[in-house]
There are 2 protein chains.
Amino acid sequence: MQRIKINLDESEIPRHWYNIQADMPNPLHPPLNPATGKPVSPDDLAPIFPMNLIEQEMSSERWVKIPDEVLEKYLLWRPSPLMRAHSFEKALGTPAKIYFKNEGVSPAGSHKPNSAIPQAYYNKIAGVKRLTTETGAGQWGSALSMACKLFDIALKVYMVRISFEHKPYRKMMMHTWGAECVPSPSKDTQTGRNILELYPDTPGSLGIAISEAIEDAVASKDTKYSLGSVLNFVCLHQTIIGLEAQKQMSIAGENPDVVIGCVGGGSNFAGIAFPYVAEKIAGKNIRILGVEPSACPTMTKGPFIYDHGDSAKMTPLMAMHSLGHNFVPPPLHAGGLRYHGVAPLVSRLLIDKLIEAQSVPQTECYKYALLWARSEGFIPAPETSHAIAAVAREALKAKEEGKEKTILFCWSGHGLLDLSAYDAYLSGKLKDFELSDKEIESTISAIGDLKRPL
Amino acid sequence: MQRIKINLDESEIPRHWYNIQADMPNPLHPPLNPATGKPVSPDDLAPIFPMNLIEQEMSSERWVKIPDEVLEKYLLWRPSPLMRAHSFEKALGTPAKIYFKNEGVSPAGSHKPNSAIPQAYYNKIAGVKRLTTETGAGQWGSALSMACKLFDIALKVYMVRISFEHKPYRKMMMHTWGAECVPSPSKDTQTGRNILELYPDTPGSLGIAISEAIEDAVASKDTKYSLGSVLNFVCLHQTIIGLEAQKQMSIAGENPDVVIGCVGGGSNFAGIAFPYVAEKIAGKNIRILGVEPSACPTMTKGPFIYDHGDSAKMTPLMAMHSLGHNFVPPPLHAGGLRYHGVAPLVSRLLIDKLIEAQSVPQTECYKYALLWARSEGFIPAPETSHAIAAVAREALKAKEEGKEKTILFCWSGHGLLDLSAYDAYLSGKLKDFELSDKEIESTISAIGDLKRPL
């Protein structure tokens, strides 16, 4: 029998997260207070985050202990299996060995609970009674709903209106886990009311939803705000993926030549990649590849600048690759990859050439996602399909060159709540959106004063 | 750390299925040819099943070797984890230990692929090019779609029209795995056309869909029919669940006092239960409990009679507990449990008092399913919620009596594609359907001549 799964016993689960900041050749540019233009202080962030998470955001300690209460919840589904995609390899006819870390086994179906659980925990012990957040496609909103219920914290999710209407199952998941979920813009915040007055029929956007969630959190003493990607502490929490993978690859007697993950805000990519970036910094020959949609080419075409994390300019300015905080990505099925920026940590590593970036059009993604589903069984999420397309490119190159190669990637989640994308692909209705250089120039120039490449 | 998961290494996967027929104190009544009233011969079944599966249906060999090609596909997700529900125990405040076998980890999200994979395989090696089947809620149809794609066989699924319309995601899953799926009644069969002429607005039924699938299979030389429950060989294939569980419970150092599964046609229950029935026959003190909806009380209120498996009377007569082949169960959310009969093997064991039966109303099921989702994270399928309600009853009784008790049950699948049931429960719209004795009498008397208790 061919070996397919490498399970890690619970007793082998990593007890620490890995903080890449301890090993980066160049430190991050500090986030700036948009009002003063000066680096933000912990106090600047205190209205929206609890101090324990702010400290984690600013820490450069290499190993951060995972609290027992967090580990206990992780164990509901972790360690996740490392699997070998023999059937997909066979379907491609490649000599490459393809391993994937299956993060679809979590109760919410993606890697998102890896940060939702600790965020709920740290807020809980800081005395926070209620959280707010935004969600686009719904992966983050549902993961945080579960985490808040497990730690007995109330949660209100502002869900981009068009998703709220088109993805009723995601909303029902959040209800099942006890969260409140409203379409954004809502009548519950000043931001929402203002926008509804001007544009009663707006489909909403992640930018608006972030503004509403932050306004809500700031307005209430016992409420904080939670974010599912981009931030340093989110990337930190996700490193459990790569740390487990390293142990499992070692059990399999393998060393990856290439490590691949899809990139929206950057969190699942950070999770699988950062522990391997550490190996690369230590001298190992390894390629690390982030994959984004060609319709939202933040890393491959966006400049490295100071920009806001949201369109309403409520967040600090962060040094990152960005297409501009006003950029509204086309209506890709991979809602989780529709973000104008990318995590400052990922951006910095890209600038320093420790990682590479690649963009793929969505029709190519679904071509290989379908081949995956029809050979491996599991149906990938639209976001995950981007990693799969890049894996297929690498594997086919290996075939062409007649080379052995070991590929490891993060299978970030299943697509059982996003099946309409497959239906669109199968019926020939799925289109590619390519951005012209002119469009990119225009969205970047709209950033205004902030447009100063670093 | 509390131990939550007991994984079985791939090398430990059982190599044989267990055939309870080898150990039953009383043999099954033979299935009868409805035309002649005589026991069916293999040749009677040859138009709809390949001979290798017919032989398996009639075999009383204790251990049936699992073909390597089937094992290879099982390994995509098997062995499934055995898990301890510490958080659910805590939520109930019970001294009982609750273990569950998580069958929701399969690509289709339920235990159904355990039989879909071997059925596709045996048809493939028998030279069959195409299968037909019916599906109600869609669990079986999607599992068989995946299995047929993995073995490169065409599949047509007749899906009960009301489900086809209300569960678009299930249909999309089948498409993603390459199957054809039509609403039943369809214009593709004589049965379908006749019914559509008489009742153009019919919501369809499982009985009609079975008739269409069989008519289609019989009409074509290279096509056979496939069924996802009830039959002996389906129960056989599902025993992989209980055989793995026995190994894992032994690793955990535990012996179950009670083994529980939900029952529709009986397949997941057979899977978890039959290997433990063998232990009971061998003298072990163990209770084995099948749980059905109180709105479809086949085992608890249906007589043990010869009846058809479908409403169109196309199947052989089987000796089983039945509410009558014309019984149309109320519109429960647990579509997989809406079946008028129950597997002959399960029926026989019930008559022989080797297993027990219990019925629960659906509001009680959702009460505990919600408690499960909010403590353990994973959201159970509507069918699985019936097992969970019975587990909660046992655990609360243990609490009342101050007794330790070890409970094992089959968590047959996740509910991510059935979230509307939770929404209905949370909004207070979920109702119970109780059948009066008079209603039951009337549906049974409608069976006509067949009504002769055995």
# chains A, B, ... in the order shown; residues from 1 in each chain; ligands from 1
$ interface_residues --of "chain A" --to "chain B" --cutoff "7 Å" --atoms "only C-alpha atoms" --output "list in words"
Met1, Ile4, Glu72, Leu75, Leu76, Val105, Pro107, Met146, Lys149, Leu150, Tyr169, Met172, Met173, Thr176, Trp177, Leu370, Ala373, Arg374, Ser375, Gly377, Phe378, Leu419, Ser420, Tyr422 and Asp423 of chain A
$ write_last_selection --atoms "N, CA and C atoms" --output "PDB file, in the first residue's frame"
ATOM      1  N   MET A   1       0.833  -1.216   0.000  1.00  0.00           N
ATOM      2  CA  MET A   1       0.000   0.000   0.000  1.00  0.00           C
ATOM      3  C   MET A   1       0.864   1.263   0.000  1.00  0.00           C
ATOM      4  N   ILE A   4      -0.409   7.374   2.402  1.00  0.00           N
ATOM      5  CA  ILE A   4      -1.097   8.608   2.029  1.00  0.00           C
ATOM      6  C   ILE A   4      -1.043   9.650   3.144  1.00  0.00           C
ATOM      7  N   GLU A  72      -5.883  23.000  24.040  1.00  0.00           N
ATOM      8  CA  GLU A  72      -7.006  22.105  24.301  1.00  0.00           C
ATOM      9  C   GLU A  72      -8.068  22.226  23.203  1.00  0.00           C
ATOM     10  N   LEU A  75      -6.851  20.838  19.790  1.00  0.00           N
ATOM     11  CA  LEU A  75      -6.872  19.374  19.699  1.00  0.00           C
ATOM     12  C   LEU A  75      -8.218  18.827  19.218  1.00  0.00           C
ATOM     13  N   LEU A  76      -9.253  19.664  19.156  1.00  0.00           N
ATOM     14  CA  LEU A  76     -10.520  19.201  18.589  1.00  0.00           C
ATOM     15  C   LEU A  76     -10.318  18.721  17.147  1.00  0.00           C
ATOM     16  N   VAL A 105      -9.924  20.040   7.697  1.00  0.00           N
ATOM     17  CA  VAL A 105     -10.522  19.153   8.703  1.00  0.00           C
ATOM     18  C   VAL A 105     -11.042  19.894   9.935  1.00  0.00           C
ATOM     19  N   PRO A 107     -13.512  22.271  12.259  1.00  0.00           N
ATOM     20  CA  PRO A 107     -14.986  22.358  12.253  1.00  0.00           C
ATOM     21  C   PRO A 107     -15.513  23.422  11.293  1.00  0.00           C
ATOM     22  N   MET A 146     -17.361  30.249  16.053  1.00  0.00           N
ATOM     23  CA  MET A 146     -17.112  29.027  16.811  1.00  0.00           C
ATOM     24  C   MET A 146     -16.197  29.313  18.007  1.00  0.00           C
ATOM     25  N   LYS A 149     -17.876  31.172  20.838  1.00  0.00           N
ATOM     26  CA  LYS A 149     -18.790  30.303  21.592  1.00  0.00           C
ATOM     27  C   LYS A 149     -18.002  29.391  22.533  1.00  0.00           C
ATOM     28  N   LEU A 150     -16.880  28.861  22.053  1.00  0.00           N
ATOM     29  CA  LEU A 150     -16.093  27.950  22.899  1.00  0.00           C
ATOM     30  C   LEU A 150     -15.527  28.668  24.127  1.00  0.00           C
ATOM     31  N   TYR A 169     -25.731  29.929   3.798  1.00  0.00           N
ATOM     32  CA  TYR A 169     -25.224  28.859   4.661  1.00  0.00           C
ATOM     33  C   TYR A 169     -24.154  29.361   5.631  1.00  0.00           C
ATOM     34  N   MET A 172     -25.885  30.972   8.427  1.00  0.00           N
ATOM     35  CA  MET A 172     -26.490  29.966   9.306  1.00  0.00           C
ATOM     36  C   MET A 172     -25.438  29.293  10.188  1.00  0.00           C
ATOM     37  N   MET A 173     -24.238  29.093   9.643  1.00  0.00           N
ATOM     38  CA  MET A 173     -23.150  28.535  10.471  1.00  0.00           C
ATOM     39  C   MET A 173     -22.883  29.448  11.657  1.00  0.00           C
ATOM     40  N   THR A 176     -25.560  29.135  14.135  1.00  0.00           N
ATOM     41  CA  THR A 176     -25.467  27.857  14.841  1.00  0.00           C
ATOM     42  C   THR A 176     -24.455  27.959  15.982  1.00  0.00           C
ATOM     43  N   TRP A 177     -23.390  28.705  15.736  1.00  0.00           N
ATOM     44  CA  TRP A 177     -22.378  28.897  16.787  1.00  0.00           C
ATOM     45  C   TRP A 177     -22.686  30.111  17.663  1.00  0.00           C
ATOM     46  N   LEU A 370     -10.706  21.044 -10.167  1.00  0.00           N
ATOM     47  CA  LEU A 370     -11.607  19.984 -10.609  1.00  0.00           C
ATOM     48  C   LEU A 370     -10.839  18.668 -10.766  1.00  0.00           C
ATOM     49  N   ALA A 373     -10.403  17.331  -7.308  1.00  0.00           N
ATOM     50  CA  ALA A 373     -11.617  16.729  -6.741  1.00  0.00           C
ATOM     51  C   ALA A 373     -11.893  15.373  -7.376  1.00  0.00           C
ATOM     52  N   ARG A 374     -11.569  15.264  -8.653  1.00  0.00           N
ATOM     53  CA  ARG A 374     -11.883  14.033  -9.372  1.00  0.00           C
ATOM     54  C   ARG A 374     -10.805  12.958  -9.250  1.00  0.00           C
ATOM     55  N   SER A 375      -9.683  13.307  -8.631  1.00  0.00           N
ATOM     56  CA  SER A 375      -8.655  12.291  -8.395  1.00  0.00           C
ATOM     57  C   SER A 375      -8.468  12.038  -6.897  1.00  0.00           C
ATOM     58  N   GLY A 377     -10.626  13.235  -4.466  1.00  0.00           N
ATOM     59  CA  GLY A 377     -11.897  13.187  -3.743  1.00  0.00           C
ATOM     60  C   GLY A 377     -12.275  14.515  -3.113  1.00  0.00           C
ATOM     61  N   PHE A 378     -11.436  15.039  -2.251  1.00  0.00           N
ATOM     62  CA  PHE A 378     -11.755  16.278  -1.532  1.00  0.00           C
ATOM     63  C   PHE A 378     -11.921  17.470  -2.483  1.00  0.00           C
ATOM     64  N   LEU A 419     -19.727  25.789  -3.669  1.00  0.00           N
ATOM     65  CA  LEU A 419     -19.829  24.920  -4.840  1.00  0.00           C
ATOM     66  C   LEU A 419     -20.320  25.643  -6.085  1.00  0.00           C
ATOM     67  N   SER A 420     -20.934  26.806  -5.913  1.00  0.00           N
ATOM     68  CA  SER A 420     -21.452  27.502  -7.089  1.00  0.00           C
ATOM     69  C   SER A 420     -20.324  27.893  -8.049  1.00  0.00           C
ATOM     70  N   TYR A 422     -17.805  25.983  -8.819  1.00  0.00           N
ATOM     71  CA  TYR A 422     -17.585  24.816  -9.684  1.00  0.00           C
ATOM     72  C   TYR A 422     -18.674  24.721 -10.739  1.00  0.00           C
ATOM     73  N   ASP A 423     -19.902  25.032 -10.317  1.00  0.00           N
ATOM     74  CA  ASP A 423     -21.011  25.004 -11.254  1.00  0.00           C
ATOM     75  C   ASP A 423     -20.790  26.016 -12.376  1.00  0.00           C
TER      76      ASP A 423
END
$ select_by_dssp --residues "stretch 14-211 of chain A" --states "helix (DSSP H, G or I)" --output "MDAnalysis selection string"
chainID A and resid 20:22 42:45 51:58 68:74 86:92 103:105 113:125 139:150 161:166 168:176 190:198 206:211
$ select_by_dssp --residues "stretch 90-207 of chain A" --states "strand (DSSP E)" --output "list of chain:residue names"
A:Lys97, A:Ile98, A:Tyr99, A:Phe100, A:Lys101, A:Asn102, A:Arg130, A:Leu131, A:Thr132, A:Thr133, A:Glu134, A:Thr135, A:Ala154, A:Leu155, A:Lys156, A:Val157, A:Tyr158, A:Met159, A:Val160, A:Glu180, A:Cys181, A:Val182, A:Pro183, A:Ser184
$ residues_around --residues "A:His237" --least-positions-apart "6" --cutoff "10 Å" --atoms "only C-alpha atoms" --output "PyMOL selection string"
chain A and resi 16-19+64+66+112-119+267-268+270-271
$ residues_around --residues "A:Leu243" --least-positions-apart "2" --cutoff "10 Å" --atoms "only C-alpha atoms" --output "CSV table (one decimal) with C-alpha atoms, in the first residue's frame"
chain,number,residue,atom,x,y,z
A,13,ILE,CA,1.5,19.0,18.8
A,14,PRO,CA,3.9,22.0,18.8
A,15,ARG,CA,3.8,23.9,22.1
A,16,HIS,CA,5.0,27.2,20.7
A,17,TRP,CA,4.2,29.4,17.7
A,18,TYR,CA,7.2,30.6,15.6
A,238,GLN,CA,-1.0,30.2,11.8
A,239,THR,CA,2.6,29.0,12.1
A,240,ILE,CA,1.2,25.9,13.8
A,241,ILE,CA,0.5,24.7,10.3
A,245,ALA,CA,4.3,20.0,8.7
A,246,GLN,CA,8.0,20.1,9.5
A,247,LYS,CA,7.5,17.2,12.0
A,248,GLN,CA,5.4,15.2,9.6
A,271,GLY,CA,1.3,29.6,8.4
A,272,ILE,CA,2.8,27.0,6.1
A,273,ALA,CA,5.8,29.2,4.9
A,274,PHE,CA,7.4,31.0,7.9
A,275,PRO,CA,8.9,27.9,9.5
A,276,TYR,CA,10.5,27.1,6.2
$ residues_around --residues "stretch 337-352 of chain B" --least-positions-apart "6" --cutoff "7 Å" --atoms "only C-alpha atoms" --output "ChimeraX atom specification"
/B:28,230-232,263-266,296,298,309,318-325,327,329,383
$ write_last_selection --atoms "all heavy atoms" --output "short mmCIF file (atom, residue, chain, number, x, y, z; two decimals), in the first residue's frame"
data_model
loop_
_atom_site.label_atom_id
_atom_site.label_comp_id
_atom_site.auth_asym_id
_atom_site.auth_seq_id
_atom_site.Cartn_x
_atom_site.Cartn_y
_atom_site.Cartn_z
N LEU B 28 -31.43 -15.09 8.21
CA LEU B 28 -32.42 -14.20 7.59
C LEU B 28 -33.50 -15.01 6.90
O LEU B 28 -33.24 -16.10 6.38
CB LEU B 28 -31.73 -13.33 6.53
CG LEU B 28 -30.75 -12.26 7.01
CD1 LEU B 28 -30.21 -11.50 5.80
CD2 LEU B 28 -31.41 -11.32 7.99
N VAL B 230 -29.72 -0.58 3.39
CA VAL B 230 -30.68 -1.70 3.47
C VAL B 230 -30.07 -3.07 3.16
O VAL B 230 -30.24 -4.03 3.91
CB VAL B 230 -31.92 -1.45 2.58
CG1 VAL B 230 -32.89 -2.63 2.67
CG2 VAL B 230 -32.62 -0.16 2.98
N LEU B 231 -29.36 -3.18 2.03
CA LEU B 231 -28.87 -4.49 1.58
C LEU B 231 -27.78 -5.04 2.49
O LEU B 231 -27.08 -4.31 3.18
CB LEU B 231 -28.34 -4.37 0.14
CG LEU B 231 -29.38 -3.93 -0.91
CD1 LEU B 231 -28.70 -3.69 -2.25
CD2 LEU B 231 -30.49 -4.98 -1.04
N ASN B 232 -27.63 -6.37 2.44
CA ASN B 232 -26.61 -7.02 3.27
C ASN B 232 -25.20 -6.55 2.93
O ASN B 232 -24.37 -6.33 3.81
CB ASN B 232 -26.66 -8.55 3.08
CG ASN B 232 -28.01 -9.12 3.45
OD1 ASN B 232 -28.79 -8.49 4.17
ND2 ASN B 232 -28.32 -10.31 2.95
N VAL B 263 -30.61 5.35 12.73
CA VAL B 263 -31.06 4.35 11.77
C VAL B 263 -32.07 4.94 10.78
O VAL B 263 -33.11 5.47 11.18
CB VAL B 263 -31.73 3.15 12.49
CG1 VAL B 263 -32.24 2.13 11.46
CG2 VAL B 263 -30.75 2.47 13.43
N GLY B 264 -31.73 4.86 9.49
CA GLY B 264 -32.68 5.14 8.42
C GLY B 264 -32.90 3.80 7.74
O GLY B 264 -33.70 2.98 8.18
N GLY B 265 -32.11 3.51 6.71
CA GLY B 265 -32.09 2.17 6.14
C GLY B 265 -31.28 1.23 7.02
O GLY B 265 -31.46 0.02 6.99
N GLY B 266 -30.35 1.80 7.78
CA GLY B 266 -29.60 1.01 8.76
C GLY B 266 -28.11 0.89 8.52
O GLY B 266 -27.42 0.21 9.28
N CYS B 296 -40.86 8.62 12.06
CA CYS B 296 -40.72 7.52 11.11
C CYS B 296 -40.28 6.29 11.92
O CYS B 296 -39.16 5.79 11.77
CB CYS B 296 -39.69 7.89 10.02
SG CYS B 296 -39.61 6.68 8.68
N THR B 298 -40.02 3.12 12.31
CA THR B 298 -40.01 1.80 11.67
C THR B 298 -39.73 0.66 12.64
O THR B 298 -40.46 -0.33 12.69
CB THR B 298 -38.91 1.80 10.57
OG1 THR B 298 -38.93 3.05 9.89
CG2 THR B 298 -39.14 0.68 9.59
N GLY B 309 -39.03 -2.89 -0.94
CA GLY B 309 -38.10 -1.83 -0.59
C GLY B 309 -38.47 -0.49 -1.18
O GLY B 309 -37.94 0.54 -0.77
N MET B 318 -38.73 -8.19 1.15
CA MET B 318 -37.71 -8.45 2.17
C MET B 318 -38.38 -8.58 3.53
O MET B 318 -39.36 -7.86 3.83
CB MET B 318 -36.70 -7.31 2.19
CG MET B 318 -35.84 -7.28 0.92
SD MET B 318 -34.66 -5.92 0.93
CE MET B 318 -35.77 -4.54 0.66
N ALA B 319 -37.86 -9.45 4.37
CA ALA B 319 -38.39 -9.61 5.72
C ALA B 319 -37.77 -8.55 6.61
O ALA B 319 -36.57 -8.59 6.89
CB ALA B 319 -38.04 -11.00 6.25
N MET B 320 -38.61 -7.57 7.00
CA MET B 320 -38.04 -6.45 7.76
C MET B 320 -39.13 -5.73 8.55
O MET B 320 -40.32 -5.91 8.30
CB MET B 320 -37.35 -5.48 6.79
CG MET B 320 -38.29 -4.86 5.75
SD MET B 320 -37.39 -3.78 4.59
CE MET B 320 -38.73 -3.24 3.52
N HIS B 321 -38.69 -4.92 9.49
CA HIS B 321 -39.62 -3.99 10.12
C HIS B 321 -39.99 -2.95 9.07
O HIS B 321 -39.12 -2.41 8.39
CB HIS B 321 -38.96 -3.30 11.32
CG HIS B 321 -38.91 -4.18 12.53
ND1 HIS B 321 -39.97 -4.34 13.37
CD2 HIS B 321 -37.92 -4.96 13.00
CE1 HIS B 321 -39.66 -5.18 14.33
NE2 HIS B 321 -38.40 -5.58 14.14
N SER B 322 -41.29 -2.70 8.93
CA SER B 322 -41.71 -1.76 7.89
C SER B 322 -42.99 -1.06 8.29
O SER B 322 -43.85 -1.62 8.97
CB SER B 322 -41.92 -2.50 6.57
OG SER B 322 -42.45 -1.61 5.60
N LEU B 323 -43.08 0.18 7.86
CA LEU B 323 -44.33 0.94 8.02
C LEU B 323 -45.15 0.86 6.74
O LEU B 323 -46.15 1.56 6.58
CB LEU B 323 -44.01 2.40 8.37
CG LEU B 323 -43.36 2.60 9.75
CD1 LEU B 323 -42.78 4.00 9.87
CD2 LEU B 323 -44.36 2.35 10.86
N GLY B 324 -44.71 0.03 5.81
CA GLY B 324 -45.45 -0.14 4.56
C GLY B 324 -44.82 0.66 3.43
O GLY B 324 -44.45 1.81 3.61
N HIS B 325 -44.71 0.00 2.26
CA HIS B 325 -43.98 0.63 1.16
C HIS B 325 -44.66 1.87 0.61
O HIS B 325 -44.10 2.59 -0.19
CB HIS B 325 -43.72 -0.39 0.04
CG HIS B 325 -44.97 -1.01 -0.48
ND1 HIS B 325 -45.48 -2.18 0.03
CD2 HIS B 325 -45.84 -0.61 -1.43
CE1 HIS B 325 -46.60 -2.51 -0.61
NE2 HIS B 325 -46.84 -1.56 -1.49
N PHE B 327 -45.85 4.19 2.72
CA PHE B 327 -45.74 5.21 3.76
C PHE B 327 -44.84 6.36 3.30
O PHE B 327 -43.71 6.14 2.88
CB PHE B 327 -45.19 4.59 5.05
CG PHE B 327 -44.98 5.58 6.15
CD1 PHE B 327 -46.05 6.29 6.69
CD2 PHE B 327 -43.72 5.81 6.67
CE1 PHE B 327 -45.87 7.21 7.72
CE2 PHE B 327 -43.52 6.72 7.70
CZ PHE B 327 -44.60 7.43 8.22
N PRO B 329 -43.03 9.39 4.84
CA PRO B 329 -42.70 10.02 6.12
C PRO B 329 -42.87 11.54 6.05
O PRO B 329 -42.72 12.13 4.97
CB PRO B 329 -41.23 9.65 6.33
CG PRO B 329 -40.96 8.51 5.41
CD PRO B 329 -41.86 8.72 4.25
N GLU B 383 -29.22 13.71 10.55
CA GLU B 383 -29.33 12.29 10.88
C GLU B 383 -28.54 11.99 12.15
O GLU B 383 -29.02 11.34 13.08
CB GLU B 383 -28.80 11.42 9.72
CG GLU B 383 -29.65 11.48 8.45
CD GLU B 383 -29.43 12.73 7.60
OE1 GLU B 383 -28.46 13.48 7.89
OE2 GLU B 383 -30.21 12.98 6.66
#
$ atom_distance --atom1 "atom CA of A:Pro293" --atom2 "atom CA of A:Glu244"
27.1 Å
$ residues_around --residues "stretch 124-138 of chain A" --least-positions-apart "5" --cutoff "6 Å" --atoms "only C-alpha atoms" --output "list in words"
Ile153, Ala154, Leu155, Lys156, Val157, Tyr158, Met159, Val160, Ser163, Arg170, Ala209, Ile210, Ala213, Asp222, Thr223, Lys224, Tyr225, Ser226 and Gly335 of chain A
$ decode --residues "stretch 4-19 of chain B" --atoms "C-alpha atoms" --output "short mmCIF file (atom, residue, chain, number, x, y, z; two decimals), in the first residue's frame"
data_model
loop_
_atom_site.label_atom_id
_atom_site.label_comp_id
_atom_site.auth_asym_id
_atom_site.auth_seq_id
_atom_site.Cartn_x
_atom_site.Cartn_y
_atom_site.Cartn_z
CA ILE B 4 -9.13 13.69 22.45
CA LYS B 5 -8.26 11.74 19.29
CA ILE B 6 -7.16 8.18 18.83
CA ASN B 7 -5.76 7.86 15.32
CA LEU B 8 -5.09 4.53 13.76
CA ASP B 9 -2.10 4.38 11.46
CA GLU B 10 -2.85 3.51 7.85
CA SER B 11 -0.97 0.26 8.24
CA GLU B 12 -3.53 -0.76 10.89
CA ILE B 13 -6.59 -0.36 8.67
CA PRO B 14 -8.74 -3.53 8.76
CA ARG B 15 -8.15 -5.78 5.72
CA HIS B 16 -11.51 -7.55 5.95
CA TRP B 17 -15.15 -6.58 6.38
CA TYR B 18 -17.15 -8.48 8.99
CA ASN B 19 -20.22 -10.46 7.92
#
